[in-house]
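Student: See entry-v1.txt below, with compact mmCIF, C-alpha atoms.
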# COMPACT_ATOMS: atom_id res chain seq x y z
CA MET X 1 77.31 116.12 86.71
CA THR X 2 78.53 115.89 90.25
CA GLU X 3 81.46 117.86 91.63
CA ALA X 4 83.58 114.79 90.92
CA ALA X 5 83.60 115.87 87.29
CA GLU X 6 85.21 119.22 88.15
CA ALA X 7 88.59 118.00 89.33
CA ALA X 8 90.30 115.01 87.78
CA PRO X 9 90.35 112.10 90.23
CA PRO X 10 93.69 110.94 91.62
CA PHE X 11 94.11 108.21 89.02
CA GLU X 12 94.13 110.69 86.13
CA GLN X 13 96.46 113.03 87.99
CA ILE X 14 98.90 110.20 88.61
CA VAL X 15 98.76 108.46 85.24
CA LEU X 16 98.04 111.00 82.49
CA PRO X 17 101.25 113.04 82.97
CA HIS X 18 103.23 109.89 82.10
CA LEU X 19 101.57 108.90 78.83
CA ASP X 20 104.60 110.04 76.81
CA ALA X 21 106.90 107.89 78.91
CA ALA X 22 104.46 104.99 78.62
CA TYR X 23 104.25 105.24 74.85
CA ASN X 24 107.99 105.76 74.42
CA LEU X 25 108.73 102.60 76.41
CA ALA X 26 106.07 100.62 74.54
CA ARG X 27 107.43 101.80 71.17
CA TRP X 28 110.98 100.82 72.06
CA LEU X 29 109.84 97.45 73.39
CA VAL X 30 107.59 96.34 70.54
CA ARG X 31 109.00 98.57 67.74
CA ASP X 32 105.60 99.01 66.18
CA ARG X 33 103.45 102.11 66.23
CA SER X 34 99.94 100.71 66.40
CA LEU X 35 100.87 97.79 68.63
CA ALA X 36 102.45 100.27 71.05
CA GLU X 37 99.23 102.33 71.07
CA ASP X 38 97.17 99.24 71.88
CA ILE X 39 99.58 98.30 74.65
CA VAL X 40 99.46 101.73 76.29
CA GLN X 41 95.67 101.84 76.12
CA ASP X 42 95.45 98.36 77.60
CA ALA X 43 98.06 99.18 80.26
CA VAL X 44 96.19 102.29 81.39
CA LEU X 45 92.98 100.29 81.80
CA ARG X 46 94.91 97.65 83.72
CA ALA X 47 96.43 100.39 85.86
CA LEU X 48 92.94 101.67 86.63
CA ARG X 49 92.04 98.21 87.78
CA TYR X 50 95.15 97.89 89.94
CA PHE X 51 94.83 101.42 91.28
CA PRO X 52 93.53 100.26 94.68
CA SER X 53 96.91 98.59 95.19
CA PHE X 54 98.89 101.71 94.22
CA ARG X 55 100.56 102.85 97.42
CA GLY X 56 101.56 106.35 96.47
CA GLY X 57 104.98 107.49 95.38
CA ASP X 58 106.13 107.84 91.80
CA GLY X 59 103.30 107.05 89.43
CA ARG X 60 105.66 106.93 86.47
CA ALA X 61 107.61 103.83 87.55
CA TRP X 62 104.35 102.17 88.57
CA LEU X 63 102.72 102.84 85.20
CA LEU X 64 105.87 101.88 83.26
CA GLN X 65 105.99 98.55 85.07
CA ILE X 66 102.43 97.82 83.94
CA VAL X 67 103.25 98.96 80.39
CA ARG X 68 106.27 96.69 80.32
CA ASN X 69 104.32 93.69 81.59
CA THR X 70 101.57 94.36 79.06
CA ALA X 71 104.13 94.63 76.26
CA TYR X 72 105.84 91.39 77.25
CA SER X 73 102.60 89.44 77.41
CA THR X 74 101.56 90.91 74.05
CA LEU X 75 104.88 89.90 72.47
CA LYS X 76 104.60 86.45 73.99
CA ALA X 77 101.07 86.01 72.68
CA ARG X 78 102.01 87.18 69.19
CA ARG X 79 105.00 84.90 68.91
CA PRO X 80 104.04 81.61 70.49
CA GLY X 81 107.06 79.41 71.06
CA THR X 82 109.40 82.39 71.11
CA GLU X 83 111.03 82.79 74.47
CA VAL X 84 110.80 86.33 75.78
CA PRO X 85 112.98 86.79 78.84
CA VAL X 86 110.86 88.23 81.64
CA GLY X 87 113.72 89.32 83.83
CA GLY X 88 116.00 87.45 86.22
CA GLY X 89 117.55 84.44 84.59
CA ALA X 90 121.19 83.64 84.17
CA GLU X 91 123.39 86.68 83.89
CA ASP X 92 126.87 86.80 82.51
CA GLU X 93 128.43 89.23 84.96
CA ASN X 94 131.35 89.95 82.67
CA GLY X 95 128.94 91.04 80.04
CA GLU X 96 130.33 88.63 77.50
CA GLY X 97 128.31 86.71 75.00
CA PHE X 98 125.74 89.37 74.28
CA GLY X 99 125.71 90.28 70.62
CA LEU X 100 123.49 92.57 68.68
CA ASP X 101 120.37 91.27 67.08
CA VAL X 102 121.37 92.73 63.70
CA PRO X 103 122.43 91.18 60.42
CA ASP X 104 126.06 90.32 60.01
CA PRO X 105 127.85 93.45 58.76
CA GLY X 106 129.45 91.47 55.93
CA PRO X 107 133.01 91.15 54.70
CA ASP X 108 133.87 94.82 54.97
CA PRO X 109 133.51 95.85 58.62
CA GLU X 110 134.99 99.30 58.10
CA ALA X 111 132.48 100.29 55.47
CA ALA X 112 129.69 98.79 57.53
CA LEU X 113 130.84 100.72 60.56
CA ALA X 114 130.96 103.98 58.64
CA GLN X 115 127.48 103.29 57.38
CA GLN X 116 126.29 102.65 60.89
CA GLN X 117 127.54 105.96 62.14
CA ASP X 118 124.79 107.97 60.55
CA LEU X 119 121.85 109.24 62.50
CA ALA X 120 119.37 106.53 61.65
CA ARG X 121 121.77 103.78 62.55
CA LEU X 122 122.26 104.70 66.22
CA ASP X 123 118.49 104.62 66.50
CA ALA X 124 118.47 101.28 64.67
CA ALA X 125 121.31 99.87 66.77
CA LEU X 126 119.43 100.70 69.95
CA ALA X 127 116.31 99.09 68.50
CA ALA X 128 118.34 96.00 67.62
CA LEU X 129 119.68 95.43 71.14
CA PRO X 130 118.26 92.41 72.96
CA ILE X 131 115.05 93.52 74.65
CA GLU X 132 116.33 93.23 78.22
CA LEU X 133 119.32 95.46 77.42
CA ARG X 134 117.26 97.85 75.31
CA GLU X 135 114.64 98.48 77.99
CA CYS X 136 117.31 99.29 80.59
CA LEU X 137 119.08 101.76 78.33
CA VAL X 138 115.84 103.43 77.19
CA LEU X 139 114.68 103.85 80.80
CA CYS X 140 118.07 105.20 81.83
CA GLU X 141 119.06 107.41 78.91
CA LEU X 142 115.72 108.51 77.47
CA GLU X 143 113.54 108.48 80.59
CA LYS X 144 116.30 109.34 83.09
CA LEU X 145 114.93 106.87 85.61
CA SER X 146 117.02 106.03 88.67
CA TYR X 147 118.53 102.53 88.96
CA LYS X 148 116.01 101.82 91.69
CA ASP X 149 113.08 102.67 89.42
CA ILE X 150 114.57 100.75 86.48
CA ALA X 151 114.92 97.74 88.78
CA ARG X 152 111.29 98.13 89.75
CA VAL X 153 110.03 98.45 86.19
CA THR X 154 112.09 95.55 84.84
CA GLN X 155 111.73 93.45 87.99
CA VAL X 156 115.37 92.53 88.39
CA PRO X 157 117.91 93.45 91.12
CA ILE X 158 119.81 96.74 90.83
CA GLY X 159 123.07 94.84 90.21
CA THR X 160 121.49 93.25 87.15
CA VAL X 161 120.31 96.66 85.95
CA MET X 162 123.87 97.98 86.19
CA SER X 163 125.27 94.99 84.35
CA ARG X 164 122.66 95.23 81.57
CA LEU X 165 123.17 98.96 81.21
CA TRP X 166 126.88 98.47 80.77
CA ARG X 167 126.43 95.71 78.23
CA ALA X 168 123.94 97.80 76.29
CA ARG X 169 126.26 100.80 76.28
CA ARG X 170 129.33 98.81 75.40
CA ALA X 171 127.53 97.17 72.49
CA LEU X 172 126.57 100.57 71.10
CA MET X 173 130.04 102.00 71.73
CA ARG X 174 131.60 99.13 69.84
CA LEU X 175 129.21 99.41 66.96
CA HIS X 176 129.71 103.12 66.72
CA ALA X 177 133.39 103.18 67.56
CA VAL X 178 132.73 105.45 70.50
CA GLY X 179 135.79 105.37 72.77
CA GLY X 180 137.11 102.14 71.31
CA PHE X 181 135.40 99.62 73.63
CA MET B 182 146.33 100.34 87.70
CA THR B 183 145.66 96.63 87.44
CA THR B 184 143.01 95.16 85.20
CA ASP B 185 141.03 93.99 88.23
CA ASP B 186 140.81 97.50 89.53
CA CYS B 187 139.50 98.74 86.22
CA ALA B 188 136.92 95.95 85.98
CA GLU B 189 135.72 96.90 89.43
CA VAL B 190 135.65 100.56 88.59
CA THR B 191 133.62 100.11 85.38
CA PHE B 192 130.26 99.82 87.15
CA LEU B 193 131.22 102.60 89.54
CA LEU B 194 132.20 104.74 86.60
CA GLN B 195 128.83 104.13 85.04
CA ALA B 196 126.93 104.67 88.31
CA ASP B 197 128.84 107.90 88.81
CA PHE B 198 127.92 109.00 85.30
CA ASP B 199 124.25 108.18 85.96
CA GLY B 200 124.28 110.21 89.18
CA GLU B 201 123.85 107.18 91.41
CA LEU B 202 126.96 107.54 93.58
CA ASP B 203 127.38 109.44 96.83
CA VAL B 204 130.22 111.91 97.33
CA GLY B 205 132.61 109.20 98.58
CA GLY B 206 131.95 106.98 95.58
CA SER B 207 132.38 109.84 93.13
CA ALA B 208 135.67 110.77 94.78
CA ARG B 209 136.90 107.19 94.43
CA VAL B 210 136.02 107.20 90.73
CA ALA B 211 137.67 110.58 90.19
CA ALA B 212 140.85 109.39 91.90
CA HIS B 213 140.99 106.28 89.72
CA VAL B 214 140.23 108.13 86.49
CA ALA B 215 142.94 110.69 87.22
CA ASN B 216 145.52 107.90 87.07
CA CYS B 217 144.03 105.58 84.48
CA ALA B 218 143.87 106.59 80.84
CA ASP B 219 141.66 103.60 79.91
CA CYS B 220 139.01 104.47 82.44
CA ALA B 221 139.23 108.14 81.60
CA ALA B 222 138.48 107.19 77.98
CA LYS B 223 135.61 105.00 79.14
CA GLN B 224 134.19 107.89 81.10
CA ALA B 225 134.45 110.15 78.07
CA ALA B 226 132.81 107.48 75.92
CA LEU B 227 129.87 107.28 78.32
CA GLY B 228 129.34 110.99 77.93
CA ASP B 229 129.73 110.81 74.16
CA LEU B 230 127.25 107.97 73.78
CA SER B 231 124.76 109.59 76.12
CA GLY B 232 124.99 112.86 74.20
CA ARG B 233 124.42 111.08 70.90
CA LEU B 234 121.50 109.06 72.28
CA GLY B 235 119.99 112.28 73.54
CA THR B 236 120.00 113.82 70.07
CA GLU B 237 119.83 110.79 67.75
CA ALA B 238 117.62 108.23 69.49
CA SER B 239 113.94 108.88 68.86
CA TYR B 240 111.78 109.85 71.77
CA HIS B 241 108.29 108.60 70.94
CA ALA B 242 105.79 110.96 72.53
CA ALA B 243 102.23 109.68 72.87
CA PRO B 244 100.20 110.59 69.75
CA ASP B 245 97.24 112.90 70.37
CA ARG B 246 94.93 110.20 69.05
CA LEU B 247 96.05 107.82 71.82
CA ARG B 248 95.81 110.52 74.47
CA ARG B 249 92.25 111.39 73.46
CA SER B 250 91.21 107.77 73.29
CA ILE B 251 92.54 107.11 76.80
CA GLU B 252 91.00 110.25 78.27
CA THR B 253 87.66 109.31 76.74
CA ALA B 254 87.83 105.76 78.05
CA LEU B 255 88.72 107.02 81.53
CA ALA B 256 85.96 109.61 81.54
CA ALA B 257 83.50 106.93 80.47
CA SER B 258 84.67 104.52 83.14
CA ARG B 259 84.54 107.24 85.79
CA THR B 260 80.95 108.16 85.11
CA ALA B 261 79.85 104.59 84.48
CA ALA B 262 81.45 102.80 87.38
CA PRO B 263 83.62 104.69 89.83
CA PRO B 264 85.82 104.17 91.72
CA ALA B 265 87.21 101.13 89.95
CA PRO B 266 86.33 99.53 86.62
CA ILE B 267 84.34 96.82 88.33
CA PRO B 268 80.86 97.77 87.16
CA LEU B 269 78.23 98.18 89.83
CA ALA B 270 80.82 98.25 92.59
CA ARG B 271 79.58 101.62 93.76
CA PRO B 272 77.65 101.34 97.00
CA ALA B 273 75.03 104.00 96.34
CA ALA B 274 72.45 102.91 93.80
CA ALA B 275 71.22 106.47 93.33
CA SER B 276 74.57 107.72 92.05
CA ARG B 277 74.63 104.84 89.60
CA VAL B 278 71.39 105.99 88.04
CA ARG B 279 72.83 109.49 87.71
CA ALA B 280 75.98 108.03 86.26
CA ALA B 281 74.09 106.18 83.57
CA GLY B 282 72.93 109.47 82.08
CA GLY B 283 76.47 110.78 82.32
CA TRP B 284 77.78 107.81 80.42
CA ARG B 285 75.44 108.35 77.52
CA ALA B 286 76.08 112.06 77.48
CA ARG B 287 79.84 111.79 77.56
CA ALA B 288 80.94 108.57 76.01
CA LEU B 289 78.77 108.14 72.96
CA PRO B 290 80.16 111.07 70.95
CA PHE B 291 83.63 109.52 71.17
CA GLY B 292 84.93 106.11 70.24
CA ALA B 293 85.97 104.46 73.46
CA GLY B 294 88.42 101.57 73.29
CA ALA B 295 87.14 98.07 72.68
CA ALA B 296 88.08 96.88 76.15
CA MET B 297 86.20 99.70 77.78
CA ALA B 298 83.25 99.12 75.51
CA ALA B 299 83.08 95.55 76.75
CA VAL B 300 83.09 96.71 80.34
CA LEU B 301 80.37 99.24 79.63
CA ALA B 302 78.30 96.68 77.76
CA LEU B 303 78.48 94.45 80.80
CA ALA B 304 77.39 97.32 83.00
CA MET B 305 74.36 97.84 80.77
CA ILE B 306 73.37 94.18 80.64
CA LEU B 307 73.49 93.47 84.36
CA PRO B 308 70.52 94.40 86.54
CA ARG B 309 70.79 97.89 87.88
CA GLY B 310 68.93 97.51 91.15
CA GLY B 311 71.58 95.48 92.78
CA ASP B 312 73.41 94.97 95.97
CA LEU B 313 76.59 93.22 96.92
CA THR B 314 75.47 90.09 95.06
CA ASP B 315 75.47 92.15 91.88
CA SER B 316 78.97 93.35 92.56
CA VAL B 317 80.36 89.94 93.40
CA VAL B 318 78.76 88.17 90.45
CA SER B 319 79.66 90.91 87.97
CA SER B 320 83.22 90.84 89.26
CA HIS B 321 83.28 87.10 88.65
CA ILE B 322 81.89 87.50 85.11
CA ARG B 323 84.37 90.23 84.35
CA ALA B 324 87.21 88.09 85.61
CA LEU B 325 86.24 85.37 83.16
CA GLN B 326 87.05 87.65 80.23
CA PRO B 327 90.38 86.82 78.61
CA GLY B 328 93.38 88.01 80.53
CA HIS B 329 91.40 89.16 83.53
CA LEU B 330 91.28 86.06 85.64
CA MET B 331 94.53 86.26 87.55
CA ASP B 332 97.05 88.78 88.77
CA VAL B 333 99.22 86.01 90.19
CA VAL B 334 99.09 82.69 88.42
CA SER B 335 100.14 79.85 90.64
CA THR B 336 98.95 76.50 91.86
CA ASP B 337 101.04 76.96 94.98
CA GLN B 338 99.27 78.48 97.97
CA HIS B 339 102.68 79.54 99.32
CA THR B 340 103.14 81.71 96.24
CA VAL B 341 99.64 83.12 96.16
CA LYS B 342 99.40 84.02 99.83
CA PRO B 343 102.54 86.19 100.05
CA TRP B 344 101.49 87.93 96.84
CA PHE B 345 98.69 89.61 98.76
CA ASP B 346 101.13 91.02 101.34
CA GLY B 347 101.17 94.78 101.09
CA ARG B 348 98.31 94.77 98.61
CA LEU B 349 95.67 94.33 101.29
CA ASP B 350 95.33 95.43 104.91
CA TYR B 351 94.54 91.84 105.93
CA ALA B 352 96.00 88.42 105.20
CA PRO B 353 93.47 86.25 103.38
CA PRO B 354 93.70 82.50 104.05
CA VAL B 355 94.84 80.62 100.94
CA LYS B 356 94.34 76.87 100.56
CA ASP B 357 94.93 74.53 97.69
CA LEU B 358 92.15 71.98 97.34
CA ALA B 359 93.75 70.04 94.47
CA SER B 360 93.58 66.76 96.35
CA GLN B 361 89.87 67.36 96.79
CA GLY B 362 89.20 68.11 93.15
CA PHE B 363 89.43 71.92 93.21
CA PRO B 364 92.98 72.94 92.28
CA LEU B 365 94.02 76.51 93.06
CA ILE B 366 94.89 78.34 89.83
CA GLY B 367 95.75 81.80 91.10
CA GLY B 368 94.70 84.96 92.84
CA ARG B 369 93.93 88.56 92.08
CA LEU B 370 92.96 91.80 93.68
CA ASP B 371 89.40 92.94 93.17
CA TYR B 372 87.45 95.92 94.29
CA LEU B 373 84.07 95.48 95.95
CA ALA B 374 81.87 98.06 97.62
CA GLY B 375 84.70 100.54 97.91
CA ARG B 376 87.48 98.33 99.21
CA PRO B 377 90.14 96.03 97.74
CA VAL B 378 89.46 92.36 98.42
CA ALA B 379 91.26 89.11 97.72
CA ALA B 380 89.87 86.84 95.02
CA LEU B 381 91.15 83.26 94.76
CA ALA B 382 90.47 81.25 91.62
CA TYR B 383 89.91 77.50 91.63
CA ARG B 384 89.18 75.10 88.83
CA ARG B 385 86.76 72.20 88.60
CA ALA B 386 86.92 70.57 85.17
CA GLN B 387 86.13 73.45 82.76
CA HIS B 388 84.55 75.59 85.47
CA VAL B 389 86.13 78.38 87.45
CA VAL B 390 85.22 79.04 91.06
CA ASP B 391 86.06 82.49 92.40
CA LEU B 392 86.38 82.77 96.14
CA TYR B 393 86.25 86.32 97.51
CA VAL B 394 87.62 86.86 101.00
CA TRP B 395 87.54 89.87 103.30
CA PRO B 396 87.43 90.50 107.06
CA SER B 397 83.96 90.13 108.57
CA SER B 398 84.57 93.23 110.67
CA SER B 399 84.63 95.35 107.52
CA THR B 400 81.76 97.54 106.49
CA ILE B 401 80.55 95.13 103.81
CA GLU B 402 77.53 93.34 105.30
CA SER B 403 77.30 89.71 104.39
CA PRO B 404 75.07 87.24 106.24
CA PRO B 405 75.50 83.56 105.31
CA GLY B 406 73.37 82.39 102.43
CA SER B 407 73.28 81.11 98.89
CA GLY B 408 71.44 81.71 95.68
CA GLU B 409 71.55 82.18 91.96
CA HIS B 410 72.18 85.42 90.10
CA SER B 411 72.46 86.01 86.34
CA GLY B 412 72.88 82.28 85.87
CA TYR B 413 75.71 81.96 88.38
CA ASN B 414 75.49 80.23 91.74
CA TYR B 415 76.90 81.84 94.83
CA LEU B 416 77.42 80.78 98.38
CA ARG B 417 78.61 82.87 101.27
CA TRP B 418 79.70 82.07 104.77
CA THR B 419 81.76 83.43 107.63
CA GLN B 420 84.66 81.61 109.19
CA ASP B 421 87.51 82.70 111.45
CA GLU B 422 86.34 86.32 111.23
CA MET B 423 86.52 86.29 107.44
CA VAL B 424 83.63 86.57 105.00
CA PHE B 425 83.75 84.17 102.03
CA TRP B 426 81.82 84.43 98.77
CA ALA B 427 82.15 81.55 96.33
CA VAL B 428 80.82 82.28 92.83
CA SER B 429 80.76 79.90 89.87
CA ASP B 430 78.75 78.46 87.03
CA LEU B 431 79.12 75.12 88.80
CA ASN B 432 75.83 73.64 89.92
CA LYS B 433 74.66 74.20 93.48
CA THR B 434 75.67 70.77 94.68
CA GLU B 435 79.23 71.03 93.46
CA LEU B 436 79.61 74.59 94.70
CA GLY B 437 78.33 73.39 98.07
CA GLU B 438 80.93 70.64 97.95
CA PHE B 439 83.61 73.25 97.28
CA ALA B 440 82.51 75.27 100.32
CA ASP B 441 82.43 72.15 102.51
CA ARG B 442 85.93 71.14 101.42
CA TRP B 443 87.23 74.62 102.02
CA ARG B 444 85.73 74.82 105.50
CA ALA B 445 86.98 71.37 106.46
CA SER B 446 90.47 71.89 105.07
CA PRO B 447 93.14 72.82 107.65
Mind turning the file's structure into C-alpha cells?

Tutor:
Amino acid sequence: MTEAAEAAPPFEQIVLPHLDAAYNLARWLVRDRSLAEDIVQDAVLRALRYFPSFRGGDGRAWLLQIVRNTAYSTLKARRPGTEVPVGGGAEDENGEGFGLDVPDPGPDPEAALAQQQDLARLDAALAALPIELRECLVLCELEKLSYKDIARVTQVPIGTVMSRLWRARRALMRLHAVGGF
Amino acid sequence: MTTDDCAEVTFLLQADFDGELDVGGSARVAAHVANCADCAAKQAALGDLSGRLGTEASYHAAPDRLRRSIETALAASRTAAPPAPIPLARPAAASRVRAAGGWRARALPFGAGAAMAAVLALAMILPRGGDLTDSVVSSHIRALQPGHLMDVVSTDQHTVKPWFDGRLDYAPPVKDLASQGFPLIGGRLDYLAGRPVAALAYRRAQHVVDLYVWPSSSTIESPPGSGEHSGYNYLRWTQDEMVFWAVSDLNKTELGEFADRWRASP
C-alpha cells in the first residue's frame, strides 16, 4: 500500500461525515428504507464522479443536492407518467391551494384531529406533505440548513424556499391545531 | 396592525425564527410582534411546531450496513482507479499495476455495490498497458452505461456551453451539427489524465459520438491521428488551440465525416 492509504483522501473527508444527512433526506424523499439506501449509495458514487467539479465549501449541501437529484430521477423512473416537480414552476405566493397528500379525515374532523395529534401522526403528516414542501421543511428543521443551502439543494430561489417553508409549516400547524393557523 | 402588514411580516417572522435575519430585521419583527397578538401567536406556533418536529419527527441516520458498503466501494475505487472513477485515468502505469493487487486484497472480502462492481469489471477487461487512448475510449464506454451519458441533457448549444462555466478552467466550443446529421444530445464533465475535461455527446442514428475537448496547451499530449481501440474508432485533431478526441462505434468513414463537419462548422 502506498502512503495514500494512510490518510483518507479529500473526497472521503468531505462526503463521509454527511452520510446521516444524506440518508435522512433520501428517506424523507422516497419514504422507503431500501430504496433510500440504494439512492445514497448511488449518489455517493455520482459525487465521486463529479468531485473534480466540487469547488470547496460546504460538502454537505453539495452532497445533499446530488442525493436529491438522484432521488428525484429514481422516483421518476419508478413511476413513469407521474409528474415529479423538479423545482421552479408556478408558485402560489399566498400559499393557498396546497393541501396535504393524506386521506380525507372523514365526517368527524375533531376526532380525526385528536387522532392526528399523537406522536406517529406528526411524523406521518410530515411524510404526507407534497415532496417540494417536505424537502424544504426536512432540510430546515431536521438538518438546520440555511435558506441559502436549501435553495442550493432544491435548486429554487430563496424566496421560493421561504414560501414553501411557510406553506409546509402552516399545513402542519393546521393539522395539529398548533397556534390555530 | 393592518392585514397587509401581517402578511408582509409572516415571512420575516419565519426568517427571524430560522436565524436568517440581521439585527435590523429582527428588531422590526420584535416591534411588530409586540403590538400584534396574531403575529405573536404565529411566532409562538413556529416555536411549538419546531419543538415538536425536533422530538417527534424521525431522524433517519445512515444504517451501519450502508456506511460499510459505501466505505468499501470507495476504498475499492481508490485503489483500482484513483483519482476519479474513470478506470485507467491514472497517468502512471506502474501505480496501476500496484493498485490491481490492492484491489484484490481489499475489495474481494467485502461485497461492493453493483455499480462499483461494473466499473471494476470494466477496469479488468480493458487492456492494462494503455495510454491516453485507453482513457478516452474507456471513458466513452463507461459513459454508454445507463444514466452515465450526460450531466446536462440538451440539444441546444446555448444551454450546454454555459453549463461548463465554472466547472472547467477553459471554455470548450460547443456546436450543434443537427443540420448535418449529428444532433447534439448533451454534455458532461469527465476526468482524463488527472484533469477535468469537457465531453460533448452527439447522435447519429443509434450511435453515440463522444467529443472530448481540452486546451492544447495542457499537459495531456495529443498529436493528430486516428485508429481503432477495443472495437471503437477514434479520431483526434487540434483546432483553435483546443485538442479534440472523437470516439464512437460509428465506422471510420462516418466518424471522419463528423470530424469534417465539426471543423467546417462556424

Student: Please measure the separation of CA of Thr74 (chain X) and CA of Ala324 (chain B), giving the value in Å to one decimal.

Tutor: 18.6 Å

Student: Taking (137.1, 100.7, 84.1) in the file's own coordinates, collect the residues within 6 Å, counting all atoms listed in the file, and hand them back as a ChimeraX atom specification.

Tutor: /B:187-188,190-191,220

Student: Report the distance between CA of Glu132 (chain X) and CA of Asp337 (chain B) in Å, rounded to one decimal place.

Tutor: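 Straight-line distance from CA of Glu132 (chain X) to CA of Asp337 (chain B) works out to 27.9 Å.
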
Student: Could you check which of X:Leu145, X:Ile150, X:Leu126, X:Ala168 is closest to Arg68 (chain X), using all atoms listed in the file?

Tutor: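 Among the listed residues, X:Ile150 lies closest to Arg68 (chain X).
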
Student: What's the 10 Å shell around Gly59 (chain X), counting all atoms listed in the file, without same-chain residues fewer than 3 positions away, as a list in words?

Tutor: Phe11, Gln13, Ile14, Val15, Leu16, Pro17, His18, Phe54, Arg55, Gly56, Trp62, Leu63, Leu64 and Gln65 of chain X

Student: Define the interface residues of chain X facing chain B as those within 7 Å, counting all atoms listed in the file, and report them as a list of chain:residue names.

Tutor: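 My answer is X:Met1, X:Leu19, X:Asp20, X:Tyr23, X:Asn24, X:Arg27, X:Glu37, X:Gln41, X:Leu48, X:Arg49, X:Pro52, X:Ser53, X:Leu119, X:Leu122, X:Asp123, X:Glu141, X:Leu142, X:Met162, X:Met173, X:Val178, X:Gly179.
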
Student: State, in Å with one decimal place, the distance from CA of Ser320 (chain B) to CA of Ser446 (chain B).

Tutor: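 According to the coordinates, CA of Ser320 (chain B) and CA of Ser446 (chain B) are separated by 25.7 Å.
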
Student: Around all of region 137-151 of chain X's listed atoms, make the axis-aligned box with 8 Å on each side and tell me centre and edge lengths in Å to one decimal, as AutoDock Vina command-line options.

Tutor:
--center_x 116.1 --center_y 103.5 --center_z 84.4 --size_x 22.0 --size_y 27.6 --size_z 30.5

Student: Missing atoms in region 158-169 of chain X should be modelled up to N, CA and C atoms and reported as a PDB file, in the coordinates of the input.

Tutor:
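Printed below is selection34.pdb as written:
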ATOM      1  N   ILE X 158     119.073  95.579  91.316  1.00  0.00           N
ATOM      2  CA  ILE X 158     119.810  96.740  90.830  1.00  0.00           C
ATOM      3  C   ILE X 158     121.145  96.324  90.196  1.00  0.00           C
ATOM      4  N   GLY X 159     121.805  95.318  90.776  1.00  0.00           N
ATOM      5  CA  GLY X 159     123.070  94.840  90.210  1.00  0.00           C
ATOM      6  C   GLY X 159     122.895  94.368  88.769  1.00  0.00           C
ATOM      7  N   THR X 160     121.782  93.716  88.515  1.00  0.00           N
ATOM      8  CA  THR X 160     121.490  93.250  87.150  1.00  0.00           C
ATOM      9  C   THR X 160     121.231  94.437  86.222  1.00  0.00           C
ATOM     10  N   VAL X 161     120.554  95.458  86.745  1.00  0.00           N
ATOM     11  CA  VAL X 161     120.310  96.660  85.950  1.00  0.00           C
ATOM     12  C   VAL X 161     121.650  97.274  85.527  1.00  0.00           C
ATOM     13  N   MET X 162     122.573  97.365  86.485  1.00  0.00           N
ATOM     14  CA  MET X 162     123.870  97.980  86.190  1.00  0.00           C
ATOM     15  C   MET X 162     124.632  97.166  85.139  1.00  0.00           C
ATOM     16  N   SER X 163     124.568  95.847  85.298  1.00  0.00           N
ATOM     17  CA  SER X 163     125.270  94.990  84.350  1.00  0.00           C
ATOM     18  C   SER X 163     124.650  95.090  82.947  1.00  0.00           C
ATOM     19  N   ARG X 164     123.332  95.120  82.878  1.00  0.00           N
ATOM     20  CA  ARG X 164     122.660  95.230  81.570  1.00  0.00           C
ATOM     21  C   ARG X 164     122.923  96.578  80.907  1.00  0.00           C
ATOM     22  N   LEU X 165     122.915  97.617  81.746  1.00  0.00           N
ATOM     23  CA  LEU X 165     123.170  98.960  81.210  1.00  0.00           C
ATOM     24  C   LEU X 165     124.556  99.005  80.582  1.00  0.00           C
ATOM     25  N   TRP X 166     125.516  98.417  81.283  1.00  0.00           N
ATOM     26  CA  TRP X 166     126.880  98.470  80.770  1.00  0.00           C
ATOM     27  C   TRP X 166     127.000  97.669  79.477  1.00  0.00           C
ATOM     28  N   ARG X 167     126.374  96.523  79.448  1.00  0.00           N
ATOM     29  CA  ARG X 167     126.430  95.710  78.230  1.00  0.00           C
ATOM     30  C   ARG X 167     125.773  96.425  77.058  1.00  0.00           C
ATOM     31  N   ALA X 168     124.637  97.070  77.344  1.00  0.00           N
ATOM     32  CA  ALA X 168     123.940  97.800  76.290  1.00  0.00           C
ATOM     33  C   ALA X 168     124.826  98.931  75.767  1.00  0.00           C
ATOM     34  N   ARG X 169     125.432  99.661  76.678  1.00  0.00           N
ATOM     35  CA  ARG X 169     126.260 100.800  76.280  1.00  0.00           C
ATOM     36  C   ARG X 169     127.503 100.342  75.535  1.00  0.00           C
TER      37      ARG X 169
END
